[in-house]
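Following: one structure in structure tokens, then a few remarks.
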Amino acid sequence: MSAAWSPVLVAPLVAFGVLVHATRPPAGSTAPLRLAVVRAALAVGAYAVLVVEGLGALGALTAPAVALAWLLFLAGAGTLAGLRRRRGADHRPWASAVGRLREFRRTASRGELLLAGGIGLLVVAELVVALLAEPNNFDSQTYHLPKIERWVAQADLTPWPTAIHRQVTIPPGAEYLLLHLRLLTGGDALYNLVQWAAGVGCLLLVARIVAQFGGGRRTQLLAAFLVGTTPMVTLQATSTQTDLVVAAWTVCVATLALDGLRRRATAGEVLALGAATGLIAITKTSGLLGAAPMLALWGVAQLRVTATGSAVAAWPAGGGWRRGTLRTAGASVAILMVAATLAGPFLIRMTADFDHPLGPPRLRESIPMQRHDPQSILVNGLRIAHTALDTPIAPLRDVSAAAIEGVARLVGVDPQDRAITFGTTTFPVPSWYPDEDRVAFPLAGTLCLIGGTLALLRPGRIAPARAGAVRAYAAAVGVAVLLHVSTIKWQPWGNRLILFALILAAPLAALWLDALFRRRATIGDGAADADRPRAAAGRRSVAAGLAVVVLAGSALAGVLAISYGFPRRLVGAGSLLTTSDWDTRFIRRPQWAEEFRWAARQVDEAGARRVGLVQQNDNWEYPWWLLLRDGAPYGRPDREIVALQSVLPRRPAADPAGVDAIVCTGDRKVCTDLVPDGWRVEFRGYVGYAVPPT
């Protein structure tokens, strides 16, 4: 596809910047520039989804139509900014941001400079990797990216016959964002930037949450540092996975909900909460496990605020109670309606094809828990914690896994029970290695557990001015974790699914760390020594020293992840700097790189215009789109790719006799069973092809 429309990519970027100005709240708001970034991001994300759904319904998902949509959006954003300026609002928000940056450089301590410098270097390194690396995530090869190519080929969102049900059953919100890049640039060179931007957004959002709790500059930097150096975040920020995208939308809900703890929400804030909730639902429904407790927290606070005018007043009675209930109920319905506008069309398509909005039974039964008794939830939670906190220390891993299996037997639960374990996987598995799909986060996870526990039990110790809000937020995060372990089966790749909870908890860890460092500084200055036993002061000093060591280890983990992480690394075997673009795509399965090319060459030499696919549920489909339609020297834009198998009951597969060639991956017998009689079939390892007799 041509890249003639690439210049239009400037439109959403400029529109985002214009909206940051146009939606900036009054100066008295907490971190107003970051709040404006949240609002602008939600507006751009929601508009991107609505454009895809609207054009898809019209059968007009084409580059010119998408380009026109973004030019109209830019015009609308410019009009909104002009109206704000006409009302006399500040029209130079970036000037104040630059001023604050200069002030930071002048007044920051050495520790703050180290924290900010470490974050900045990692973000820049991630950007370099994101731009250099070809998309090579395993799931992306199977279903994330093939679905984009299918949308482009058919110019709409109609479900299609396929052997890989995840191409049509997994919520496609992140892929909608990628589709805009695909249509405007004609390729996938910028795909990794979506997750990179989501990662940057998470850093800004956790820092704002800390500010909402009264945390100062150092505390905000600590929160961003903890998130930014977590290997899972570092690796996914250069990927076409979807976990950082859903985490960013989830943290948007959290920070907007906290704004509603002390004042009545405006119509714009209700709209923003609805947009964030809808973007979570259309991206990955597991993120709703984090959003739901935050929305409940917001609803309870709004019930009190709208009835009494104060977040700390006694519960209202009589007319105040009724007034607060009606207003809060109305706002809640509005949030659900906005969310349904974004996620509803996809759910309607699922219902039409599978008679259920959540897709086929195999999807509904493979990931969600099928047992919910307390014993099963306990065992599931312990296994998830074990995998999330795994370390390279094998004896520690073995001892803790054996202890969990012993607890499981003690409470009468099989630790490998399929009702609480995904597929045919077996607990435990090593997860410490820096691989984007499963890497653990023992350092950040431990700090978050400590910070969350103290926030629940002793909130006044870590946030004296906002103790009640901190405790309520920590409870909401705890409920999110409980919901996760109660509904999602353990799986080797489960650390990706709980990433949103880690990011939500990072502000609590940062508040505790900052309080620890403050107490250590007080001890160092000799203050209050007479009032504090020497032994207790020594323990706090040791704890602060250990915290510094953990932060240093976290920084090292982030650096190692971006340098040696898998499947995109800067140094070592398979480095982006020494590996070809095509081979980079096959880093996980290097033996397949030439096999795909070989089969595509044979199909092209046969002059095939209509090619049939034979594959299994976890096979790679995306390379066929690159080789047979989009890429030189074998690609033809007019070539049609169809599936010869279908797991969609209402979408029959194509007839093998109606294609000019067949390409296969995986099981050879499955392929040969579908090939018409008399056709020539050849295989090289994983890949094969079939063509009719000459």
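Quick note on naming: the chains in the structure tokens go A, B, ... in the order shown, residues restart at 1 in each chain, and ligands are numbered from 1 in order of appearance.
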Taking the DSSP secondary structure from the backbone, can you list the residues of region 455-660 of chain A that are alpha helix (DSSP H), as a PyMOL selection string? chain A and resi 455-457+459-462+467-487+494-497+499-524+534-564+581-585+592-605+622-625
May I have the residues within 10 Å of Leu454 (chain A) as an mmCIF file with all heavy atoms, in the first residue's frame, using only C-alpha atoms and disregarding those fewer than 2 positions away in the same chain?
```cif
data_model
loop_
_atom_site.group_PDB
_atom_site.id
_atom_site.type_symbol
_atom_site.label_atom_id
_atom_site.label_comp_id
_atom_site.auth_asym_id
_atom_site.auth_seq_id
_atom_site.Cartn_x
_atom_site.Cartn_y
_atom_site.Cartn_z
ATOM 1 N N CYS A 448 5.482 -2.459 45.843
ATOM 2 C CA CYS A 448 4.053 -2.153 45.761
ATOM 3 C C CYS A 448 3.261 -2.885 46.841
ATOM 4 O O CYS A 448 2.308 -2.328 47.409
ATOM 5 C CB CYS A 448 3.521 -2.512 44.380
ATOM 6 S SG CYS A 448 4.055 -1.373 43.071
ATOM 7 N N LEU A 449 3.642 -4.117 47.141
ATOM 8 C CA LEU A 449 2.966 -4.848 48.208
ATOM 9 C C LEU A 449 3.166 -4.164 49.554
ATOM 10 O O LEU A 449 2.218 -4.025 50.343
ATOM 11 C CB LEU A 449 3.489 -6.286 48.263
ATOM 12 C CG LEU A 449 3.010 -7.238 47.164
ATOM 13 C CD1 LEU A 449 3.740 -8.570 47.269
ATOM 14 C CD2 LEU A 449 1.504 -7.457 47.269
ATOM 15 N N ILE A 450 4.400 -3.728 49.822
ATOM 16 C CA ILE A 450 4.672 -3.039 51.087
ATOM 17 C C ILE A 450 3.916 -1.715 51.146
ATOM 18 O O ILE A 450 3.256 -1.395 52.142
ATOM 19 C CB ILE A 450 6.185 -2.808 51.254
ATOM 20 C CG1 ILE A 450 6.919 -4.151 51.360
ATOM 21 C CG2 ILE A 450 6.467 -1.956 52.488
ATOM 22 C CD1 ILE A 450 8.426 -4.021 51.348
ATOM 23 N N GLY A 451 4.020 -0.933 50.077
ATOM 24 C CA GLY A 451 3.340 0.358 50.056
ATOM 25 C C GLY A 451 1.833 0.206 50.167
ATOM 26 O O GLY A 451 1.172 0.969 50.886
ATOM 27 N N GLY A 452 1.263 -0.775 49.466
ATOM 28 C CA GLY A 452 -0.180 -0.983 49.530
ATOM 29 C C GLY A 452 -0.635 -1.411 50.913
ATOM 30 O O GLY A 452 -1.678 -0.961 51.408
ATOM 31 N N LEU A 456 -3.093 0.763 53.554
ATOM 32 C CA LEU A 456 -4.326 0.266 54.155
ATOM 33 C C LEU A 456 -4.300 0.363 55.677
ATOM 34 O O LEU A 456 -5.288 0.756 56.303
ATOM 35 C CB LEU A 456 -4.553 -1.190 53.738
ATOM 36 C CG LEU A 456 -5.104 -1.437 52.335
ATOM 37 C CD1 LEU A 456 -5.073 -2.924 52.022
ATOM 38 C CD2 LEU A 456 -6.531 -0.906 52.213
ATOM 39 N N LEU A 457 -3.152 0.018 56.283
ATOM 40 C CA LEU A 457 -3.080 -0.081 57.735
ATOM 41 C C LEU A 457 -2.651 1.214 58.408
ATOM 42 O O LEU A 457 -3.171 1.558 59.479
ATOM 43 C CB LEU A 457 -2.118 -1.215 58.119
ATOM 44 C CG LEU A 457 -2.463 -2.606 57.577
ATOM 45 C CD1 LEU A 457 -1.412 -3.618 58.009
ATOM 46 C CD2 LEU A 457 -3.848 -3.031 58.032
ATOM 47 N N ARG A 458 -1.695 1.915 57.813
ATOM 48 C CA ARG A 458 -1.154 3.140 58.429
ATOM 49 C C ARG A 458 -1.049 4.257 57.397
ATOM 50 O O ARG A 458 0.048 4.756 57.126
ATOM 51 C CB ARG A 458 0.234 2.843 59.015
ATOM 52 C CG ARG A 458 0.315 1.683 59.989
ATOM 53 C CD ARG A 458 -0.251 2.038 61.345
ATOM 54 N NE ARG A 458 0.541 3.036 62.011
ATOM 55 C CZ ARG A 458 1.628 2.781 62.745
ATOM 56 N NH1 ARG A 458 2.043 1.526 62.881
ATOM 57 N NH2 ARG A 458 2.281 3.747 63.349
ATOM 58 N N PRO A 459 -2.138 4.685 56.775
ATOM 59 C CA PRO A 459 -2.041 5.692 55.709
ATOM 60 C C PRO A 459 -1.482 7.017 56.181
ATOM 61 O O PRO A 459 -0.844 7.742 55.413
ATOM 62 C CB PRO A 459 -3.491 5.833 55.232
ATOM 63 C CG PRO A 459 -4.321 5.391 56.391
ATOM 64 C CD PRO A 459 -3.536 4.295 57.043
ATOM 65 N N GLY A 460 -1.715 7.356 57.454
ATOM 66 C CA GLY A 460 -1.189 8.611 57.966
ATOM 67 C C GLY A 460 0.320 8.659 57.995
ATOM 68 O O GLY A 460 0.918 9.748 57.990
ATOM 69 N N ARG A 461 0.971 7.503 58.008
ATOM 70 C CA ARG A 461 2.438 7.466 58.020
ATOM 71 C C ARG A 461 3.024 7.846 56.671
ATOM 72 O O ARG A 461 4.147 8.361 56.612
ATOM 73 C CB ARG A 461 2.913 6.053 58.394
ATOM 74 C CG ARG A 461 2.545 5.607 59.792
ATOM 75 C CD ARG A 461 3.429 6.278 60.840
ATOM 76 N NE ARG A 461 4.829 6.002 60.631
ATOM 77 C CZ ARG A 461 5.460 4.930 61.101
ATOM 78 N NH1 ARG A 461 4.786 4.013 61.779
ATOM 79 N NH2 ARG A 461 6.749 4.761 60.885
ATOM 80 N N ILE A 462 2.308 7.570 55.591
ATOM 81 C CA ILE A 462 2.886 7.833 54.278
ATOM 82 C C ILE A 462 2.245 9.020 53.570
ATOM 83 O O ILE A 462 2.831 9.561 52.622
ATOM 84 C CB ILE A 462 2.782 6.581 53.377
ATOM 85 C CG1 ILE A 462 1.333 6.213 53.103
ATOM 86 C CG2 ILE A 462 3.512 5.409 54.010
ATOM 87 C CD1 ILE A 462 1.188 5.062 52.124
ATOM 88 N N VAL A 470 -5.879 8.017 50.508
ATOM 89 C CA VAL A 470 -4.878 6.992 50.230
ATOM 90 C C VAL A 470 -5.396 5.615 50.634
ATOM 91 O O VAL A 470 -5.234 4.631 49.902
ATOM 92 C CB VAL A 470 -3.558 7.321 50.948
ATOM 93 C CG1 VAL A 470 -2.618 6.126 50.919
ATOM 94 C CG2 VAL A 470 -2.890 8.515 50.296
ATOM 95 N N ARG A 471 -6.023 5.540 51.809
ATOM 96 C CA ARG A 471 -6.560 4.247 52.246
ATOM 97 C C ARG A 471 -7.650 3.763 51.294
ATOM 98 O O ARG A 471 -7.692 2.573 50.939
ATOM 99 C CB ARG A 471 -7.102 4.361 53.662
ATOM 100 C CG ARG A 471 -7.828 3.110 54.137
ATOM 101 C CD ARG A 471 -8.216 3.237 55.584
ATOM 102 N NE ARG A 471 -7.091 2.948 56.454
ATOM 103 C CZ ARG A 471 -7.036 3.289 57.755
ATOM 104 N NH1 ARG A 471 -8.036 3.968 58.292
ATOM 105 N NH2 ARG A 471 -5.982 2.970 58.470
ATOM 106 N N ALA A 474 -5.974 2.571 48.089
ATOM 107 C CA ALA A 474 -5.309 1.281 48.305
ATOM 108 C C ALA A 474 -6.323 0.154 48.375
ATOM 109 O O ALA A 474 -6.087 -0.949 47.860
ATOM 110 C CB ALA A 474 -4.473 1.333 49.583
ATOM 111 N N LEU A 508 1.474 4.136 45.553
ATOM 112 C CA LEU A 508 1.505 3.782 46.972
ATOM 113 C C LEU A 508 2.916 3.414 47.401
ATOM 114 O O LEU A 508 3.369 3.793 48.497
ATOM 115 C CB LEU A 508 0.539 2.629 47.241
ATOM 116 C CG LEU A 508 -0.920 2.874 46.840
ATOM 117 C CD1 LEU A 508 -1.747 1.617 47.044
ATOM 118 C CD2 LEU A 508 -1.494 4.040 47.625
ATOM 119 N N ALA A 509 3.623 2.672 46.539
ATOM 120 C CA ALA A 509 5.019 2.344 46.839
ATOM 121 C C ALA A 509 5.865 3.601 46.912
ATOM 122 O O ALA A 509 6.733 3.744 47.792
ATOM 123 C CB ALA A 509 5.564 1.392 45.777
ATOM 124 N N LEU A 511 4.896 6.677 47.701
ATOM 125 C CA LEU A 511 4.583 7.420 48.923
ATOM 126 C C LEU A 511 5.299 6.819 50.123
ATOM 127 O O LEU A 511 5.831 7.547 50.983
ATOM 128 C CB LEU A 511 3.069 7.411 49.153
ATOM 129 C CG LEU A 511 2.231 8.271 48.197
ATOM 130 C CD1 LEU A 511 0.757 7.943 48.357
ATOM 131 C CD2 LEU A 511 2.484 9.756 48.438
ATOM 132 N N TRP A 512 5.333 5.489 50.180
ATOM 133 C CA TRP A 512 6.031 4.854 51.303
ATOM 134 C C TRP A 512 7.534 5.117 51.235
ATOM 135 O O TRP A 512 8.163 5.446 52.257
ATOM 136 C CB TRP A 512 5.760 3.348 51.289
ATOM 137 C CG TRP A 512 6.679 2.609 52.208
ATOM 138 C CD1 TRP A 512 6.738 2.710 53.569
ATOM 139 C CD2 TRP A 512 7.712 1.685 51.829
ATOM 140 N NE1 TRP A 512 7.739 1.901 54.067
ATOM 141 C CE2 TRP A 512 8.350 1.261 53.018
ATOM 142 C CE3 TRP A 512 8.135 1.174 50.612
ATOM 143 C CZ2 TRP A 512 9.393 0.352 53.010
ATOM 144 C CZ3 TRP A 512 9.178 0.253 50.605
ATOM 145 C CH2 TRP A 512 9.799 -0.144 51.787
#
```
Tell me, as a CSV table (one decimal) with C-alpha atoms, in the first residue's frame, which residues lie within 9 Å of Glu112 (chain A), counting only C-alpha atoms; anything in the same chain fewer than 3 positions away does not count.
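Saved result, selection_36.csv, follows:
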```
chain,number,residue,atom,x,y,z
A,108,ALA,CA,16.5,19.6,41.9
A,109,SER,CA,18.5,17.6,44.3
A,115,LEU,CA,15.7,9.7,39.0
A,116,ALA,CA,14.7,12.0,36.2
A,117,GLY,CA,17.8,11.2,34.2
A,217,ARG,CA,8.3,16.3,43.2
A,218,ARG,CA,10.6,13.5,44.6
A,221,LEU,CA,9.7,10.9,40.3
A,222,LEU,CA,9.9,7.8,42.5
```
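For the residues A:Leu378, A:Leu235, A:Val206, A:Val200, ranking by smallest atom-to-atom distance to Leu560 (chain A) using only C-alpha atoms places A:Leu235 first.
The residue that comes closest to Gly330 (chain A), out of A:Val270, A:Leu363, A:Ala573, A:Ile170 and on the basis of only C-alpha atoms, is A:Val270.
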Need the shell around region 649-651 of chain A: protein/DNA/RNA residues with any atom at most 12 Å away, counting only C-alpha atoms. Skip same-chain ones fewer than 4 positions apart. Format as a PyMOL selection string? chain A and resi 158-163+165+168+349-355+359-360+642-645
Taking all heavy atoms for each residue, export the selection above as a short mmCIF file (atom, residue, chain, number, x, y, z; two decimals), in the first residue's frame.
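Produced file out.cif, reproduced below:
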```cif
data_model
loop_
_atom_site.label_atom_id
_atom_site.label_comp_id
_atom_site.auth_asym_id
_atom_site.auth_seq_id
_atom_site.Cartn_x
_atom_site.Cartn_y
_atom_site.Cartn_z
N THR A 158 -16.34 -6.53 9.06
CA THR A 158 -17.13 -7.76 9.06
C THR A 158 -16.26 -8.96 9.44
O THR A 158 -15.17 -9.14 8.88
CB THR A 158 -17.72 -8.01 7.67
OG1 THR A 158 -18.48 -6.86 7.27
CG2 THR A 158 -18.62 -9.23 7.68
N PRO A 159 -16.67 -9.77 10.43
CA PRO A 159 -15.89 -10.97 10.75
C PRO A 159 -15.71 -11.87 9.55
O PRO A 159 -16.57 -11.92 8.65
CB PRO A 159 -16.73 -11.64 11.85
CG PRO A 159 -17.52 -10.54 12.45
CD PRO A 159 -17.83 -9.60 11.32
N TRP A 160 -14.61 -12.59 9.49
CA TRP A 160 -14.25 -13.40 8.34
C TRP A 160 -13.97 -14.84 8.75
O TRP A 160 -13.67 -15.11 9.92
CB TRP A 160 -13.00 -12.80 7.66
CG TRP A 160 -11.86 -12.63 8.62
CD1 TRP A 160 -10.86 -13.50 8.92
CD2 TRP A 160 -11.63 -11.48 9.45
NE1 TRP A 160 -10.02 -12.98 9.87
CE2 TRP A 160 -10.47 -11.74 10.22
CE3 TRP A 160 -12.29 -10.25 9.63
CZ2 TRP A 160 -9.96 -10.81 11.14
CZ3 TRP A 160 -11.78 -9.34 10.54
CH2 TRP A 160 -10.62 -9.63 11.27
N PRO A 161 -14.04 -15.77 7.83
CA PRO A 161 -13.67 -17.15 8.17
C PRO A 161 -12.19 -17.23 8.54
O PRO A 161 -11.34 -16.64 7.87
CB PRO A 161 -13.94 -17.91 6.86
CG PRO A 161 -14.82 -17.02 6.05
CD PRO A 161 -14.48 -15.62 6.44
N THR A 162 -11.88 -17.94 9.60
CA THR A 162 -10.49 -18.10 10.02
C THR A 162 -10.38 -19.29 10.95
O THR A 162 -11.34 -19.65 11.65
CB THR A 162 -9.98 -16.83 10.74
OG1 THR A 162 -8.64 -17.04 11.18
CG2 THR A 162 -10.85 -16.49 11.93
N ALA A 163 -9.21 -19.90 10.96
CA ALA A 163 -8.93 -20.98 11.90
C ALA A 163 -8.43 -20.44 13.24
O ALA A 163 -8.29 -21.18 14.21
CB ALA A 163 -7.87 -21.92 11.31
N HIS A 165 -9.47 -18.09 16.01
CA HIS A 165 -10.65 -17.34 16.47
C HIS A 165 -10.26 -16.02 17.12
O HIS A 165 -11.05 -15.06 17.12
CB HIS A 165 -11.47 -18.19 17.44
CG HIS A 165 -10.86 -18.32 18.82
ND1 HIS A 165 -11.07 -17.41 19.81
CD2 HIS A 165 -10.05 -19.28 19.35
CE1 HIS A 165 -10.42 -17.78 20.91
NE2 HIS A 165 -9.79 -18.91 20.65
N VAL A 168 -10.87 -12.56 15.55
CA VAL A 168 -12.18 -11.90 15.53
C VAL A 168 -12.84 -11.82 16.91
O VAL A 168 -13.80 -11.06 17.07
CB VAL A 168 -13.14 -12.60 14.55
CG1 VAL A 168 -12.66 -12.45 13.13
CG2 VAL A 168 -13.29 -14.07 14.89
N ARG A 349 -21.33 -7.38 17.13
CA ARG A 349 -20.83 -8.32 16.11
C ARG A 349 -20.55 -9.68 16.73
O ARG A 349 -20.81 -10.73 16.12
CB ARG A 349 -19.57 -7.76 15.45
CG ARG A 349 -19.82 -6.56 14.56
CD ARG A 349 -18.62 -6.25 13.69
NE ARG A 349 -17.45 -5.85 14.45
CZ ARG A 349 -17.19 -4.60 14.83
NH1 ARG A 349 -18.04 -3.62 14.53
NH2 ARG A 349 -16.10 -4.31 15.50
N MET A 350 -20.01 -9.70 17.96
CA MET A 350 -19.76 -10.98 18.62
C MET A 350 -21.06 -11.73 18.89
O MET A 350 -21.16 -12.95 18.70
CB MET A 350 -19.02 -10.75 19.94
CG MET A 350 -17.57 -10.33 19.79
SD MET A 350 -16.57 -11.54 18.87
CE MET A 350 -16.66 -10.85 17.22
N THR A 351 -22.07 -10.99 19.32
CA THR A 351 -23.36 -11.63 19.60
C THR A 351 -23.97 -12.20 18.32
O THR A 351 -24.54 -13.30 18.33
CB THR A 351 -24.32 -10.61 20.24
OG1 THR A 351 -23.71 -10.07 21.43
CG2 THR A 351 -25.63 -11.27 20.60
N ALA A 352 -23.82 -11.47 17.23
CA ALA A 352 -24.38 -11.93 15.97
C ALA A 352 -23.71 -13.22 15.49
O ALA A 352 -24.37 -14.08 14.90
CB ALA A 352 -24.25 -10.85 14.91
N ASP A 353 -22.42 -13.36 15.74
CA ASP A 353 -21.69 -14.54 15.24
C ASP A 353 -21.65 -15.69 16.22
O ASP A 353 -21.54 -16.85 15.81
CB ASP A 353 -20.27 -14.13 14.86
CG ASP A 353 -20.14 -13.72 13.41
OD1 ASP A 353 -19.93 -14.60 12.56
OD2 ASP A 353 -20.30 -12.52 13.12
N PHE A 354 -21.70 -15.38 17.54
CA PHE A 354 -21.52 -16.44 18.53
C PHE A 354 -22.67 -16.51 19.54
O PHE A 354 -22.58 -17.27 20.51
CB PHE A 354 -20.20 -16.23 19.28
CG PHE A 354 -18.99 -16.25 18.40
CD1 PHE A 354 -18.35 -15.06 18.07
CD2 PHE A 354 -18.50 -17.42 17.88
CE1 PHE A 354 -17.23 -15.05 17.24
CE2 PHE A 354 -17.38 -17.43 17.06
CZ PHE A 354 -16.75 -16.25 16.74
N ASP A 355 -23.70 -15.69 19.36
CA ASP A 355 -24.85 -15.68 20.27
C ASP A 355 -24.45 -15.30 21.69
O ASP A 355 -25.15 -15.63 22.66
CB ASP A 355 -25.56 -17.05 20.29
CG ASP A 355 -26.09 -17.43 18.92
OD1 ASP A 355 -26.61 -16.54 18.21
OD2 ASP A 355 -25.98 -18.61 18.55
N GLY A 359 -18.08 -13.79 22.93
CA GLY A 359 -17.50 -14.71 21.97
C GLY A 359 -17.85 -16.16 22.22
O GLY A 359 -18.77 -16.48 22.97
N PRO A 360 -17.11 -17.09 21.59
CA PRO A 360 -17.44 -18.51 21.65
C PRO A 360 -17.13 -19.12 23.01
O PRO A 360 -16.37 -18.56 23.80
CB PRO A 360 -16.54 -19.11 20.56
CG PRO A 360 -15.36 -18.19 20.52
CD PRO A 360 -15.90 -16.82 20.78
N VAL A 642 -7.45 -16.10 1.41
CA VAL A 642 -8.68 -16.61 2.04
C VAL A 642 -8.33 -17.80 2.92
O VAL A 642 -7.32 -18.48 2.71
CB VAL A 642 -9.72 -17.01 0.98
CG1 VAL A 642 -10.15 -15.81 0.16
CG2 VAL A 642 -9.18 -18.12 0.08
N ALA A 643 -9.18 -18.05 3.92
CA ALA A 643 -8.97 -19.17 4.84
C ALA A 643 -9.72 -20.40 4.34
O ALA A 643 -10.88 -20.31 3.92
CB ALA A 643 -9.44 -18.80 6.23
N LEU A 644 -9.05 -21.54 4.38
CA LEU A 644 -9.69 -22.80 3.99
C LEU A 644 -10.24 -23.56 5.19
O LEU A 644 -10.70 -24.70 5.05
CB LEU A 644 -8.67 -23.68 3.24
CG LEU A 644 -8.07 -23.04 1.99
CD1 LEU A 644 -7.17 -24.05 1.28
CD2 LEU A 644 -9.15 -22.53 1.05
N GLN A 645 -10.16 -22.96 6.38
CA GLN A 645 -10.77 -23.51 7.59
C GLN A 645 -11.48 -22.36 8.29
O GLN A 645 -11.10 -21.20 8.14
CB GLN A 645 -9.72 -24.10 8.53
CG GLN A 645 -8.76 -25.07 7.90
CD GLN A 645 -7.37 -24.88 8.47
OE1 GLN A 645 -6.68 -23.92 8.15
NE2 GLN A 645 -6.96 -25.78 9.33
#
```
Non-local contacts of region 396-408 of chain A (9 Å; only C-alpha atoms; under 6 positions in same chain excluded) as a ChimeraX atom specification: /A:375-376,378-379,382-383,386,390,414-415,427-428,430
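Non-sequential neighbours of Ile282 (chain A) (distance at most 8 Å, separation of 4 or more positions within a chain, only C-alpha atoms) are Pro171, Pro172, Gly173, Gly278, Leu342, Ala343 and Phe346 of chain A.
Shell of region 440-447 of chain A at 8 Å, with only C-alpha atoms counted and residues fewer than 4 places along the chain excluded, is Leu226, Val227, Thr230, Pro231, Met232, Thr387, Ala388, Leu389, Asp390, Thr391, Ser431, Trp432, Tyr433, Pro434, Gly451, Asn495, Leu502, Ala506, Ala509, Val550, Gly553 and Ser554 of chain A.
Between CA of Asp514 (chain A) and CA of Leu114 (chain A) there is a distance of 15.0 Å.
Of note, CA of Arg496 (chain A) and CA of Gly666 (chain A) are spaced 26.4 Å apart.
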Wanna dump the region 529-603 of chain A-region 180-194 of chain A contacts at 12 Å for me, each residue with its shortest atom pair and the distance in Å to one decimal, counting only C-alpha atoms, ordered by chain and number, as a Markdown table?
```
| residue | atom | partner | partner_atom | distance |
| --- | --- | --- | --- | --- |
| A:Arg568 | CA | A:Asn192 | CA | 11.3 |
| A:Asp581 | CA | A:Ala189 | CA | 10.6 |
| A:Arg585 | CA | A:Asp188 | CA | 11.6 |
```
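Of note, CA of Tyr143 (chain A) and CA of Gln167 (chain A) are spaced 4.7 Å apart.
Across A:Ile335, A:Val123, A:Leu178, A:Ala599, the tightest approach to Val681 (chain A) is made by A:Ala599 when counting only C-alpha atoms.
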Using only C-alpha atoms for the distances, tell me which of A:Tyr176, A:Phe213, A:Trp151, A:Trp625 is nearest to Ala469 (chain A). A:Phe213
From the list A:Met294, A:Val253, A:Ala197, A:Ala547, which residue is nearest Gly274 (chain A) when using only C-alpha atoms? A:Val253
A:Asp638, A:Glu365, A:Asp139, A:Glu126 ranked by distance to Trp620 (chain A), top pick (using only C-alpha atoms): A:Asp139
